[in-house]
Amino acid sequence: MDIRLMHPADQLVTIMDRIYHYGMTTTSGGNLSIKDDNGDIWITPSGIDKGTLTHDDIMCVKADGTVIGPHKPSIELPFHMDVYKRRPDVRAILHAHPPTLVAFSIVRKIPDTSLIPNANIICGKIEYAPYDLPGSLQLGEKIADVFAKGINTVMMENHGVVLAQKDLFSAFMAFETLEFCARLQINAIKIGTPRGLSNRHIEISKLKNNAHLEEFTVESYSSAERDARNKICEFIHRSYDQQLFTATQGTFSERIDGNNFIITPYGVDRKYIEPKDLVRIENGKKEAGKDPSRSVLLHKYIYETHPDINSIIIAHPPYIMAFAVTDATFDSRLIPESYIALRDVGELPFGSSFMQPELTAKELSTKTPVVLVENDCIIALGNSLVNAFDRLEVLEYSAKAIIEAKDLGEIVMINDEEIEEINVAFKLN
C-alpha cells in the first residue's frame with residue numbers, strides 16, 4: 001500500500017487515523033495538510049472528531065482563498081499557508097501533541113535523536129519556535145521563520161511539534177521516529193544515563209547498507225510458504241499496533257526449508273506490509289526485484305549455524321531499548337515466566353549485528369535466545385514464529401515492569417536457589 005498514490009483527502013484521513021489510534025493525538029488535537037500539485041491545500045477540519053474523519057470531512061483551500069467543504073479548516077491554517085509560502089519544496093505538514101513530545105515542549109528540551117542509528121537523519125536538525133496563541137498569525141510567522149532556515153522538524157514551546165516534508169508519509173515517519181526517541185529517552189533516564197551514539201558510531205552505522213545478493217526468479221510458492229507469509233504479516237501488524245515496531249523499523253524472518261527463509265523487505269511500511277512484499281532467500285540469493293531487510297546476512301548466518309532456530313525477530317521497542325542505551329543491565333529474573341522465556345539475556349557491542357554478522361550468529365543459541373545490541377536493537381530467536389514473538393513481547397513487558405517499579409521501591413529479583421529450581425522443573429539446563 002502506497003498512500004502517496006491516494007487522493008490527498010484519503011491520505012490525510014489515513015495518517016490521522018494512525019496518529020489518533022497510536023495515542024499521539026486527541027479527539028480535538030492536531031492537524032495535517034497536503035499541498036497539491038495545482039496549489040490547492042487539503043487540510044483537516046476544525047472541531048471534528050479525529051477518530052472518525054472521512055474523506056468528505058477534509059477541507060480544500062484554493063489558491064485564491066476559496067474554501068470548499070462542509071466544515072471550517074483547522075484554526076492552524078495560517079501557519080500551514082505561511083510554511084508552504086516560505087518553503088516551496090514542502091508538500092505536507094503534520095502538527096500534533098503526543099504526551100511525550102509535550103513533556104519535552106514544557107521543559108524546553110529537544111529529544112536526543114542520537115540514541116539509535118538513522119533517527120538523526122530521519123528527523124534532521126530540530127529547533128524550537130517561540131510560544132504564541134494557537135491559530136494566530138504571529139504563531140504562524142514564528143513557526144515559518146524556523147522552517148525558512150531549511151529545518152523540517154520544529155518543536156513548539158508549550159505546544160507540540162510541527163514537521164514539514166516532501167510528502168505526508170515522510171512527515172509521519174519523522175514524527176513517529178521523534179516520538180519514539182522521546183519515549184526511549186524518558187525510559188532510559190529512569191534507569192540510568194542515556195548515552196548517544198558518537199559521530200564515529202553514526203558514521204559506522206552508515207555501513208549498514210542493503211546486502212548485495214544475486215537474484216533468482218520465484219517460479220512457485222509452496223503451501224507452507226504461503227501460510228508463513230500470511231502469518232508473518234499478521235505478526236508484523238501486531239508488532240506495529242503494540243508499538244514494538246515503527247513504520248520503518250522491525251524485521252521478521254522464518255525458515256522455510258533447509259537454510260532458505262522469507263524475510264521482511266527494506267523500506268516498506270510495517271503498518272501495511274502484505275504477503276507479496278516479503279522476500280524469499282534461497283541458496284543465498286534473493287527473490288528478484290525485491291530488497292530484503294539490511295540485516296539479511298545476520299539471519300542467513302543464524303539459520304546456517306543453528307538448525308533448531310526457525311524464526312528471528314529484530315526490533316527496538318522503547319522499554320527494553322532503554323537498557324541498550326544506558327549502562328543499566330537487564331535482568332530477566334523478575335518473574336518465573338520472564339526467566340523461562342528469556343533466560344540470561346546477552347549483550348553485544350554496537351555494530352556487531354551488521355559488521356560481524358557471522359560472529360554474532362555464533363553468540364546466539366537456544367540457551368541465549370535474546371540479546372541486546374548496544375544503541376541498536378534486540379534480537380529474539382525462536383523455534384517457531386510464535387515462540388520468537390512471545391519472547392519479544394515478554395522482553396518488552398518485562399523491561400516496562402522493571403522501569404515502572406523504579407518509582408515504587410527496591411526491586412527484589414528471584415534468587416539463585418529459586419532459579420535453579422526453575423531450571424530443574426522446566427528442564428532448562
# chains A, B, ... in the order shown; residues from 1 in each chain; ligands from 1
$ residues_around --residues "Gly69 (chain A)" --least-positions-apart "4" --cutoff "8 Å" --atoms "only C-alpha atoms" --output "PDB file with C-alpha atoms, in the first residue's frame"
ATOM      1  CA  ASP A  56     -15.789  14.118   2.922  1.00  0.00           C
ATOM      2  CA  ASP A  57     -14.667  15.879   6.136  1.00  0.00           C
ATOM      3  CA  ILE A  58     -11.397  17.108   4.601  1.00  0.00           C
ATOM      4  CA  MET A  59     -11.338  20.753   3.570  1.00  0.00           C
ATOM      5  CA  CYS A  60      -9.827  22.222   0.418  1.00  0.00           C
TER       6      CYS A  60
END
$ residues_around --residues "Thr177 (chain A)" --least-positions-apart "5" --cutoff "10 Å" --atoms "only C-alpha atoms" --output "PDB file with all heavy atoms, in the first residue's frame"
ATOM      1  N   THR A 113      18.124  12.425  19.350  1.00  0.00           N
ATOM      2  CA  THR A 113      17.962  11.535  18.197  1.00  0.00           C
ATOM      3  C   THR A 113      19.250  10.774  17.870  1.00  0.00           C
ATOM      4  O   THR A 113      19.338  10.134  16.829  1.00  0.00           O
ATOM      5  CB  THR A 113      17.509  12.322  16.957  1.00  0.00           C
ATOM      6  OG1 THR A 113      18.466  13.351  16.667  1.00  0.00           O
ATOM      7  CG2 THR A 113      16.137  12.946  17.169  1.00  0.00           C
ATOM      8  N   ASN A 118      20.220   6.315  12.515  1.00  0.00           N
ATOM      9  CA  ASN A 118      19.325   6.857  11.490  1.00  0.00           C
ATOM     10  C   ASN A 118      18.274   7.833  11.998  1.00  0.00           C
ATOM     11  O   ASN A 118      17.692   8.567  11.198  1.00  0.00           O
ATOM     12  CB  ASN A 118      18.618   5.742  10.706  1.00  0.00           C
ATOM     13  CG  ASN A 118      19.593   4.849   9.974  1.00  0.00           C
ATOM     14  OD1 ASN A 118      20.623   5.316   9.497  1.00  0.00           O
ATOM     15  ND2 ASN A 118      19.289   3.563   9.891  1.00  0.00           N
ATOM     16  N   ALA A 119      17.996   7.866  13.297  1.00  0.00           N
ATOM     17  CA  ALA A 119      16.957   8.775  13.789  1.00  0.00           C
ATOM     18  C   ALA A 119      17.323  10.226  13.499  1.00  0.00           C
ATOM     19  O   ALA A 119      16.470  11.028  13.115  1.00  0.00           O
ATOM     20  CB  ALA A 119      16.725   8.575  15.281  1.00  0.00           C
ATOM     21  N   ASN A 120      18.604  10.566  13.688  1.00  0.00           N
ATOM     22  CA  ASN A 120      19.019  11.950  13.426  1.00  0.00           C
ATOM     23  C   ASN A 120      18.916  12.284  11.949  1.00  0.00           C
ATOM     24  O   ASN A 120      18.672  13.436  11.570  1.00  0.00           O
ATOM     25  CB  ASN A 120      20.444  12.192  13.942  1.00  0.00           C
ATOM     26  CG  ASN A 120      21.472  11.334  13.233  1.00  0.00           C
ATOM     27  OD1 ASN A 120      21.197  10.198  12.864  1.00  0.00           O
ATOM     28  ND2 ASN A 120      22.671  11.854  13.051  1.00  0.00           N
ATOM     29  N   ILE A 122      16.632  10.860   9.836  1.00  0.00           N
ATOM     30  CA  ILE A 122      15.203  10.932   9.532  1.00  0.00           C
ATOM     31  C   ILE A 122      14.596  12.241  10.031  1.00  0.00           C
ATOM     32  O   ILE A 122      13.828  12.892   9.318  1.00  0.00           O
ATOM     33  CB  ILE A 122      14.467   9.734  10.160  1.00  0.00           C
ATOM     34  CG1 ILE A 122      14.904   8.430   9.479  1.00  0.00           C
ATOM     35  CG2 ILE A 122      12.952   9.905  10.052  1.00  0.00           C
ATOM     36  CD1 ILE A 122      14.396   7.184  10.173  1.00  0.00           C
ATOM     37  N   CYS A 123      14.959  12.644  11.246  1.00  0.00           N
ATOM     38  CA  CYS A 123      14.368  13.851  11.841  1.00  0.00           C
ATOM     39  C   CYS A 123      15.094  15.125  11.432  1.00  0.00           C
ATOM     40  O   CYS A 123      14.495  16.207  11.402  1.00  0.00           O
ATOM     41  CB  CYS A 123      14.369  13.740  13.360  1.00  0.00           C
ATOM     42  SG  CYS A 123      13.381  12.372  13.999  1.00  0.00           S
ATOM     43  N   ALA A 171       6.659  12.915   6.460  1.00  0.00           N
ATOM     44  CA  ALA A 171       6.384  13.702   7.672  1.00  0.00           C
ATOM     45  C   ALA A 171       5.993  12.785   8.823  1.00  0.00           C
ATOM     46  O   ALA A 171       6.464  12.951   9.959  1.00  0.00           O
ATOM     47  CB  ALA A 171       5.274  14.716   7.392  1.00  0.00           C
ATOM     48  N   PHE A 172       5.141  11.796   8.544  1.00  0.00           N
ATOM     49  CA  PHE A 172       4.731  10.871   9.601  1.00  0.00           C
ATOM     50  C   PHE A 172       5.918  10.046  10.092  1.00  0.00           C
ATOM     51  O   PHE A 172       6.061   9.811  11.294  1.00  0.00           O
ATOM     52  CB  PHE A 172       3.633   9.939   9.091  1.00  0.00           C
ATOM     53  CG  PHE A 172       3.251   8.897  10.110  1.00  0.00           C
ATOM     54  CD1 PHE A 172       2.424   9.217  11.177  1.00  0.00           C
ATOM     55  CD2 PHE A 172       3.757   7.602  10.023  1.00  0.00           C
ATOM     56  CE1 PHE A 172       2.100   8.262  12.134  1.00  0.00           C
ATOM     57  CE2 PHE A 172       3.441   6.650  10.981  1.00  0.00           C
ATOM     58  CZ  PHE A 172       2.608   6.977  12.037  1.00  0.00           C
ATOM     59  N   ALA A 182      11.787  10.248  21.965  1.00  0.00           N
ATOM     60  CA  ALA A 182      11.373  10.905  23.209  1.00  0.00           C
ATOM     61  C   ALA A 182      10.984   9.874  24.262  1.00  0.00           C
ATOM     62  O   ALA A 182      11.385   9.974  25.432  1.00  0.00           O
ATOM     63  CB  ALA A 182      10.204  11.855  22.926  1.00  0.00           C
ATOM     64  N   ARG A 183      10.203   8.865  23.876  1.00  0.00           N
ATOM     65  CA  ARG A 183       9.808   7.816  24.829  1.00  0.00           C
ATOM     66  C   ARG A 183      11.025   7.037  25.312  1.00  0.00           C
ATOM     67  O   ARG A 183      11.144   6.718  26.496  1.00  0.00           O
ATOM     68  CB  ARG A 183       8.807   6.861  24.176  1.00  0.00           C
ATOM     69  CG  ARG A 183       7.401   7.418  24.080  1.00  0.00           C
ATOM     70  CD  ARG A 183       6.409   6.353  23.670  1.00  0.00           C
ATOM     71  NE  ARG A 183       6.580   5.987  22.270  1.00  0.00           N
ATOM     72  CZ  ARG A 183       6.502   4.748  21.807  1.00  0.00           C
ATOM     73  NH1 ARG A 183       6.292   3.740  22.640  1.00  0.00           N
ATOM     74  NH2 ARG A 183       6.634   4.493  20.519  1.00  0.00           N
ATOM     75  N   THR A 246       8.183   0.225  14.444  1.00  0.00           N
ATOM     76  CA  THR A 246       7.738   1.503  13.873  1.00  0.00           C
ATOM     77  C   THR A 246       7.472   1.266  12.389  1.00  0.00           C
ATOM     78  O   THR A 246       7.670   0.164  11.872  1.00  0.00           O
ATOM     79  CB  THR A 246       8.793   2.605  14.056  1.00  0.00           C
ATOM     80  OG1 THR A 246       9.995   2.225  13.358  1.00  0.00           O
ATOM     81  CG2 THR A 246       9.104   2.835  15.525  1.00  0.00           C
ATOM     82  N   ALA A 247       7.051   2.312  11.689  1.00  0.00           N
ATOM     83  CA  ALA A 247       6.721   2.162  10.266  1.00  0.00           C
ATOM     84  C   ALA A 247       7.899   1.636   9.460  1.00  0.00           C
ATOM     85  O   ALA A 247       7.726   0.875   8.502  1.00  0.00           O
ATOM     86  CB  ALA A 247       6.247   3.494   9.695  1.00  0.00           C
ATOM     87  N   THR A 248       9.105   2.028   9.843  1.00  0.00           N
ATOM     88  CA  THR A 248      10.276   1.700   9.035  1.00  0.00           C
ATOM     89  C   THR A 248      11.237   0.729   9.691  1.00  0.00           C
ATOM     90  O   THR A 248      12.212   0.317   9.066  1.00  0.00           O
ATOM     91  CB  THR A 248      11.054   2.990   8.703  1.00  0.00           C
ATOM     92  OG1 THR A 248      11.422   3.637   9.931  1.00  0.00           O
ATOM     93  CG2 THR A 248      10.209   3.935   7.867  1.00  0.00           C
ATOM     94  N   GLN A 249      10.995   0.360  10.947  1.00  0.00           N
ATOM     95  CA  GLN A 249      11.945  -0.478  11.675  1.00  0.00           C
ATOM     96  C   GLN A 249      11.266  -1.711  12.257  1.00  0.00           C
ATOM     97  O   GLN A 249      10.176  -1.625  12.810  1.00  0.00           O
ATOM     98  CB  GLN A 249      12.596   0.322  12.813  1.00  0.00           C
ATOM     99  CG  GLN A 249      13.373   1.544  12.353  1.00  0.00           C
ATOM    100  CD  GLN A 249      14.669   1.178  11.659  1.00  0.00           C
ATOM    101  OE1 GLN A 249      15.194   0.086  11.833  1.00  0.00           O
ATOM    102  NE2 GLN A 249      15.190   2.092  10.862  1.00  0.00           N
TER     103      GLN A 249
END
$ residues_around --residues "region 309-318 of chain A" --least-positions-apart "4" --cutoff "7 Å" --atoms "only C-alpha atoms" --output "PyMOL selection string"
chain A and resi 180+183-184+243-245+249-255+303+322+377-385+388+396
$ write_last_selection --atoms "N, CA, C and O atoms" --output "mmCIF file, in the first residue's frame"
data_model
loop_
_atom_site.group_PDB
_atom_site.id
_atom_site.type_symbol
_atom_site.label_atom_id
_atom_site.label_comp_id
_atom_site.auth_asym_id
_atom_site.auth_seq_id
_atom_site.Cartn_x
_atom_site.Cartn_y
_atom_site.Cartn_z
ATOM 1 N N PHE A 180 9.270 8.290 19.159
ATOM 2 C CA PHE A 180 9.931 7.101 19.687
ATOM 3 C C PHE A 180 11.183 7.493 20.475
ATOM 4 O O PHE A 180 11.419 6.987 21.575
ATOM 5 N N ARG A 183 10.203 8.865 23.876
ATOM 6 C CA ARG A 183 9.808 7.816 24.829
ATOM 7 C C ARG A 183 11.025 7.037 25.312
ATOM 8 O O ARG A 183 11.144 6.718 26.496
ATOM 9 N N LEU A 184 11.923 6.721 24.376
ATOM 10 C CA LEU A 184 13.122 5.966 24.732
ATOM 11 C C LEU A 184 13.970 6.747 25.730
ATOM 12 O O LEU A 184 14.458 6.194 26.726
ATOM 13 N N GLN A 243 3.275 -1.224 19.293
ATOM 14 C CA GLN A 243 4.391 -0.284 19.376
ATOM 15 C C GLN A 243 5.726 -0.985 19.643
ATOM 16 O O GLN A 243 6.636 -0.428 20.260
ATOM 17 N N LEU A 244 5.830 -2.224 19.169
ATOM 18 C CA LEU A 244 7.094 -2.949 19.215
ATOM 19 C C LEU A 244 7.917 -2.653 17.964
ATOM 20 O O LEU A 244 9.132 -2.799 17.961
ATOM 21 N N PHE A 245 7.239 -2.290 16.884
ATOM 22 C CA PHE A 245 7.850 -1.873 15.621
ATOM 23 C C PHE A 245 7.446 -0.425 15.348
ATOM 24 O O PHE A 245 6.471 0.085 15.913
ATOM 25 N N GLN A 249 10.995 0.360 10.947
ATOM 26 C CA GLN A 249 11.945 -0.478 11.675
ATOM 27 C C GLN A 249 11.266 -1.711 12.257
ATOM 28 O O GLN A 249 10.176 -1.625 12.810
ATOM 29 N N GLY A 250 11.932 -2.837 12.159
ATOM 30 C CA GLY A 250 11.426 -4.090 12.698
ATOM 31 C C GLY A 250 11.444 -5.161 11.630
ATOM 32 O O GLY A 250 10.954 -4.943 10.517
ATOM 33 N N THR A 251 12.051 -6.313 11.929
ATOM 34 C CA THR A 251 12.226 -7.371 10.936
ATOM 35 C C THR A 251 11.831 -8.726 11.489
ATOM 36 O O THR A 251 12.204 -9.084 12.606
ATOM 37 N N PHE A 252 11.074 -9.477 10.704
ATOM 38 C CA PHE A 252 10.758 -10.874 10.970
ATOM 39 C C PHE A 252 11.377 -11.735 9.885
ATOM 40 O O PHE A 252 11.468 -11.317 8.721
ATOM 41 N N SER A 253 11.757 -12.924 10.229
ATOM 42 C CA SER A 253 12.081 -13.932 9.213
ATOM 43 C C SER A 253 11.660 -15.290 9.723
ATOM 44 O O SER A 253 11.525 -15.503 10.936
ATOM 45 N N GLU A 254 11.429 -16.216 8.793
ATOM 46 C CA GLU A 254 11.076 -17.582 9.161
ATOM 47 C C GLU A 254 11.687 -18.555 8.167
ATOM 48 O O GLU A 254 11.650 -18.329 6.955
ATOM 49 N N ARG A 255 12.256 -19.628 8.713
ATOM 50 C CA ARG A 255 12.837 -20.675 7.877
ATOM 51 C C ARG A 255 11.713 -21.391 7.114
ATOM 52 O O ARG A 255 10.673 -21.728 7.678
ATOM 53 N N TYR A 303 20.527 -19.007 10.676
ATOM 54 C CA TYR A 303 19.886 -20.245 10.219
ATOM 55 C C TYR A 303 20.924 -21.305 9.855
ATOM 56 O O TYR A 303 20.712 -22.500 10.117
ATOM 57 N N ALA A 322 15.792 0.981 26.406
ATOM 58 C CA ALA A 322 16.337 1.865 27.445
ATOM 59 C C ALA A 322 17.565 1.228 28.084
ATOM 60 O O ALA A 322 18.503 1.921 28.479
ATOM 61 N N CYS A 377 19.536 -2.500 18.652
ATOM 62 C CA CYS A 377 18.341 -3.323 18.525
ATOM 63 C C CYS A 377 18.364 -4.457 19.539
ATOM 64 O O CYS A 377 19.331 -4.618 20.291
ATOM 65 N N ILE A 378 17.307 -5.238 19.528
ATOM 66 C CA ILE A 378 17.300 -6.521 20.220
ATOM 67 C C ILE A 378 17.110 -7.593 19.155
ATOM 68 O O ILE A 378 16.494 -7.356 18.105
ATOM 69 N N ILE A 379 17.653 -8.782 19.433
ATOM 70 C CA ILE A 379 17.489 -9.921 18.532
ATOM 71 C C ILE A 379 16.835 -11.036 19.342
ATOM 72 O O ILE A 379 17.341 -11.416 20.405
ATOM 73 N N ALA A 380 15.698 -11.534 18.862
ATOM 74 C CA ALA A 380 14.979 -12.612 19.549
ATOM 75 C C ALA A 380 14.839 -13.802 18.616
ATOM 76 O O ALA A 380 14.449 -13.640 17.450
ATOM 77 N N LEU A 381 15.176 -14.973 19.109
ATOM 78 C CA LEU A 381 15.114 -16.201 18.325
ATOM 79 C C LEU A 381 14.010 -17.101 18.849
ATOM 80 O O LEU A 381 13.617 -17.016 20.009
ATOM 81 N N GLY A 382 13.547 -18.017 17.986
ATOM 82 C CA GLY A 382 12.552 -18.978 18.430
ATOM 83 C C GLY A 382 12.537 -20.212 17.563
ATOM 84 O O GLY A 382 13.018 -20.180 16.417
ATOM 85 N N ASN A 383 12.003 -21.298 18.101
ATOM 86 C CA ASN A 383 11.865 -22.499 17.287
ATOM 87 C C ASN A 383 10.645 -22.410 16.380
ATOM 88 O O ASN A 383 10.411 -23.262 15.527
ATOM 89 N N SER A 384 9.870 -21.329 16.557
ATOM 90 C CA SER A 384 8.727 -21.041 15.696
ATOM 91 C C SER A 384 8.478 -19.540 15.716
ATOM 92 O O SER A 384 9.025 -18.808 16.556
ATOM 93 N N LEU A 385 7.620 -19.090 14.821
ATOM 94 C CA LEU A 385 7.276 -17.669 14.758
ATOM 95 C C LEU A 385 6.617 -17.220 16.058
ATOM 96 O O LEU A 385 6.947 -16.167 16.615
ATOM 97 N N ALA A 388 9.254 -16.937 18.905
ATOM 98 C CA ALA A 388 10.087 -15.738 18.805
ATOM 99 C C ALA A 388 9.294 -14.490 19.186
ATOM 100 O O ALA A 388 9.788 -13.611 19.910
ATOM 101 N N GLU A 396 9.856 -6.961 26.191
ATOM 102 C CA GLU A 396 9.425 -5.570 26.304
ATOM 103 C C GLU A 396 8.568 -5.349 27.556
ATOM 104 O O GLU A 396 8.742 -4.356 28.273
#
$ closest_residue --among "A:Ser223, A:Gln185, A:Asn158, A:Gln165" --to "Tyr319 (chain A)" --atoms "only C-alpha atoms"
A:Gln185
$ closest_residue --among "A:Glu203, A:Asp112, A:Asp82, A:Asp291" --to "Val146 (chain A)" --atoms "only C-alpha atoms"
A:Asp82
$ residues_around --residues "Ala103 (chain A)" --least-positions-apart "4" --cutoff "12 Å" --atoms "only C-alpha atoms" --output "short mmCIF file (atom, residue, chain, number, x, y, z; two decimals) with all heavy atoms, in the first residue's frame"
data_model
loop_
_atom_site.label_atom_id
_atom_site.label_comp_id
_atom_site.auth_asym_id
_atom_site.auth_seq_id
_atom_site.Cartn_x
_atom_site.Cartn_y
_atom_site.Cartn_z
N HIS A 97 0.39 16.84 19.21
CA HIS A 97 0.99 17.00 20.53
C HIS A 97 0.84 15.73 21.34
O HIS A 97 0.03 15.67 22.29
CB HIS A 97 0.41 18.20 21.29
CG HIS A 97 -0.77 18.84 20.66
ND1 HIS A 97 -2.05 18.35 20.77
CD2 HIS A 97 -0.85 19.95 19.89
CE1 HIS A 97 -2.89 19.13 20.11
NE2 HIS A 97 -2.20 20.10 19.56
N PRO A 98 1.63 14.69 21.00
CA PRO A 98 1.63 13.48 21.82
C PRO A 98 2.25 13.77 23.18
O PRO A 98 3.11 14.65 23.31
CB PRO A 98 2.49 12.50 21.01
CG PRO A 98 3.37 13.37 20.18
CD PRO A 98 2.56 14.59 19.87
N PRO A 99 1.85 13.04 24.23
CA PRO A 99 2.30 13.36 25.59
C PRO A 99 3.81 13.43 25.75
O PRO A 99 4.31 14.31 26.47
CB PRO A 99 1.71 12.21 26.42
CG PRO A 99 0.52 11.75 25.65
CD PRO A 99 0.87 11.94 24.21
N VAL A 107 9.42 21.54 29.05
CA VAL A 107 10.70 21.77 29.73
C VAL A 107 11.72 22.38 28.75
O VAL A 107 12.88 22.55 29.09
CB VAL A 107 11.27 20.47 30.35
CG1 VAL A 107 10.33 19.94 31.42
CG2 VAL A 107 11.56 19.42 29.30
N ARG A 108 11.25 22.65 27.54
CA ARG A 108 12.04 23.33 26.51
C ARG A 108 13.31 22.57 26.16
O ARG A 108 14.40 23.15 26.04
CB ARG A 108 12.38 24.76 26.95
CG ARG A 108 11.19 25.58 27.43
CD ARG A 108 10.24 25.95 26.30
NE ARG A 108 9.00 26.54 26.78
CZ ARG A 108 8.80 27.82 27.07
NH1 ARG A 108 9.82 28.65 26.96
NH2 ARG A 108 7.64 28.26 27.46
N LYS A 109 13.17 21.24 26.01
CA LYS A 109 14.31 20.41 25.59
C LYS A 109 13.96 19.70 24.29
O LYS A 109 12.79 19.56 23.93
CB LYS A 109 14.66 19.39 26.67
CG LYS A 109 15.22 20.01 27.95
CD LYS A 109 15.62 18.94 28.96
CE LYS A 109 16.20 19.57 30.22
NZ LYS A 109 16.59 18.54 31.23
N ILE A 110 14.98 19.24 23.60
CA ILE A 110 14.80 18.53 22.33
C ILE A 110 15.18 17.06 22.54
O ILE A 110 16.23 16.77 23.11
CB ILE A 110 15.68 19.16 21.23
CG1 ILE A 110 15.14 20.55 20.87
CG2 ILE A 110 15.72 18.27 19.98
CD1 ILE A 110 16.02 21.32 19.91
N PRO A 111 14.33 16.13 22.10
CA PRO A 111 14.66 14.71 22.26
C PRO A 111 16.00 14.37 21.60
O PRO A 111 16.37 14.94 20.56
CB PRO A 111 13.51 14.00 21.54
CG PRO A 111 12.37 14.97 21.59
CD PRO A 111 13.01 16.33 21.48
N MET A 155 10.00 21.98 17.14
CA MET A 155 9.32 21.86 18.42
C MET A 155 8.70 23.21 18.76
O MET A 155 9.26 24.26 18.44
CB MET A 155 10.31 21.45 19.51
CG MET A 155 10.91 20.07 19.34
SD MET A 155 9.76 18.73 19.74
CE MET A 155 9.53 18.96 21.51
N MET A 156 7.55 23.18 19.42
CA MET A 156 6.83 24.41 19.76
C MET A 156 6.78 24.55 21.27
O MET A 156 6.40 23.61 21.98
CB MET A 156 5.41 24.37 19.19
CG MET A 156 5.37 24.12 17.69
SD MET A 156 3.71 23.68 17.12
CE MET A 156 2.84 25.23 17.37
N GLU A 157 7.16 25.69 21.78
CA GLU A 157 7.14 25.92 23.22
C GLU A 157 5.73 25.75 23.76
O GLU A 157 4.78 26.34 23.24
CB GLU A 157 7.65 27.32 23.55
CG GLU A 157 9.14 27.51 23.26
CD GLU A 157 9.63 28.90 23.58
OE1 GLU A 157 8.79 29.78 23.89
OE2 GLU A 157 10.87 29.11 23.51
N ASN A 158 5.59 24.89 24.80
CA ASN A 158 4.30 24.64 25.45
C ASN A 158 3.19 24.30 24.46
O ASN A 158 2.05 24.76 24.59
CB ASN A 158 3.88 25.85 26.29
CG ASN A 158 4.81 26.10 27.44
OD1 ASN A 158 5.87 26.72 27.27
ND2 ASN A 158 4.45 25.61 28.62
N HIS A 159 3.53 23.46 23.49
CA HIS A 159 2.51 23.17 22.47
C HIS A 159 2.67 21.76 21.89
O HIS A 159 1.84 20.90 22.13
CB HIS A 159 2.60 24.22 21.36
CG HIS A 159 1.37 24.27 20.50
ND1 HIS A 159 0.90 25.44 19.96
CD2 HIS A 159 0.52 23.30 20.07
CE1 HIS A 159 -0.20 25.19 19.25
NE2 HIS A 159 -0.44 23.89 19.31
N GLY A 160 3.70 21.50 21.15
CA GLY A 160 3.85 20.20 20.49
C GLY A 160 4.94 20.25 19.45
O GLY A 160 6.00 20.83 19.68
N VAL A 161 4.66 19.67 18.28
CA VAL A 161 5.67 19.60 17.23
C VAL A 161 5.01 19.79 15.87
O VAL A 161 3.84 19.45 15.68
CB VAL A 161 6.40 18.23 17.29
CG1 VAL A 161 5.44 17.09 16.96
CG2 VAL A 161 7.61 18.19 16.35
N GLU A 179 8.97 10.87 18.16
CA GLU A 179 8.17 10.47 19.33
C GLU A 179 8.77 9.23 19.98
O GLU A 179 8.82 9.12 21.21
CB GLU A 179 6.73 10.22 18.89
CG GLU A 179 5.71 10.18 20.02
CD GLU A 179 5.53 8.77 20.58
OE1 GLU A 179 6.00 7.80 19.96
OE2 GLU A 179 4.92 8.66 21.66
N ALA A 182 11.79 10.25 21.96
CA ALA A 182 11.37 10.91 23.21
C ALA A 182 10.98 9.87 24.26
O ALA A 182 11.39 9.97 25.43
CB ALA A 182 10.20 11.85 22.93
N ARG A 183 10.20 8.86 23.88
CA ARG A 183 9.81 7.82 24.83
C ARG A 183 11.02 7.04 25.31
O ARG A 183 11.14 6.72 26.50
CB ARG A 183 8.81 6.86 24.18
CG ARG A 183 7.40 7.42 24.08
CD ARG A 183 6.41 6.35 23.67
NE ARG A 183 6.58 5.99 22.27
CZ ARG A 183 6.50 4.75 21.81
NH1 ARG A 183 6.29 3.74 22.64
NH2 ARG A 183 6.63 4.49 20.52
N GLN A 185 14.15 8.03 25.49
CA GLN A 185 14.97 8.85 26.38
C GLN A 185 14.35 8.95 27.78
O GLN A 185 15.06 8.83 28.79
CB GLN A 185 15.15 10.25 25.78
CG GLN A 185 16.12 11.12 26.56
CD GLN A 185 16.37 12.46 25.86
OE1 GLN A 185 16.00 12.65 24.70
NE2 GLN A 185 17.00 13.38 26.56
N ILE A 186 13.04 9.12 27.85
CA ILE A 186 12.37 9.20 29.15
C ILE A 186 12.52 7.88 29.91
O ILE A 186 12.80 7.87 31.11
CB ILE A 186 10.89 9.58 28.96
CG1 ILE A 186 10.76 11.04 28.51
CG2 ILE A 186 10.09 9.35 30.25
CD1 ILE A 186 9.37 11.45 28.09
#
$ select_by_dssp --residues "region 233-332 of chain A" --states "strand (DSSP E or B)" --output "ChimeraX atom specification"
/A:251-257,260-263,265,279-282,285-287,292,311-315
$ residues_around --residues "Asn423 (chain A)" --least-positions-apart "5" --cutoff "10 Å" --atoms "only C-alpha atoms" --output "PyMOL selection string"
chain A and resi 339-340+343+417-418+428-429
$ residues_around --residues "Val90 (chain A)" --least-positions-apart "5" --cutoff "9 Å" --atoms "only C-alpha atoms" --output "PyMOL selection string"
chain A and resi 34-35+83-84+152+164-167
$ write_last_selection --atoms "N, CA, C and O atoms" --output "tab-separated table (two decimals), in the first residue's frame"
chain	number	residue	atom	x	y	z
A	34	ILE	N	-1.86	18.83	3.03
A	34	ILE	CA	-1.10	18.48	1.83
A	34	ILE	C	-1.29	19.60	0.81
A	34	ILE	O	-2.42	20.06	0.60
A	35	LYS	N	-0.21	20.02	0.19
A	35	LYS	CA	-0.31	20.98	-0.91
A	35	LYS	C	-0.29	20.20	-2.22
A	35	LYS	O	0.68	19.52	-2.53
A	83	VAL	N	4.04	28.40	5.91
A	83	VAL	CA	5.15	27.48	5.67
A	83	VAL	C	5.22	27.12	4.19
A	83	VAL	O	6.31	27.10	3.59
A	84	TYR	N	4.07	26.82	3.57
A	84	TYR	CA	4.08	26.49	2.14
A	84	TYR	C	4.61	27.66	1.30
A	84	TYR	O	5.31	27.46	0.30
A	152	ASN	N	13.23	20.96	9.02
A	152	ASN	CA	11.97	20.27	8.74
A	152	ASN	C	11.22	19.81	9.99
A	152	ASN	O	10.10	19.33	9.88
A	164	ALA	N	7.49	19.33	8.46
A	164	ALA	CA	7.21	19.66	7.07
A	164	ALA	C	8.10	18.80	6.18
A	164	ALA	O	9.31	18.73	6.40
A	165	GLN	N	7.49	18.15	5.18
A	165	GLN	CA	8.25	17.23	4.34
A	165	GLN	C	7.74	17.25	2.91
A	165	GLN	O	6.76	17.92	2.58
A	166	LYS	N	8.39	16.44	2.07
A	166	LYS	CA	8.04	16.36	0.65
A	166	LYS	C	6.72	15.63	0.44
A	166	LYS	O	6.07	15.79	-0.60
A	167	ASP	N	6.33	14.77	1.38
A	167	ASP	CA	5.05	14.07	1.31
A	167	ASP	C	4.61	13.71	2.73
A	167	ASP	O	5.40	13.81	3.68
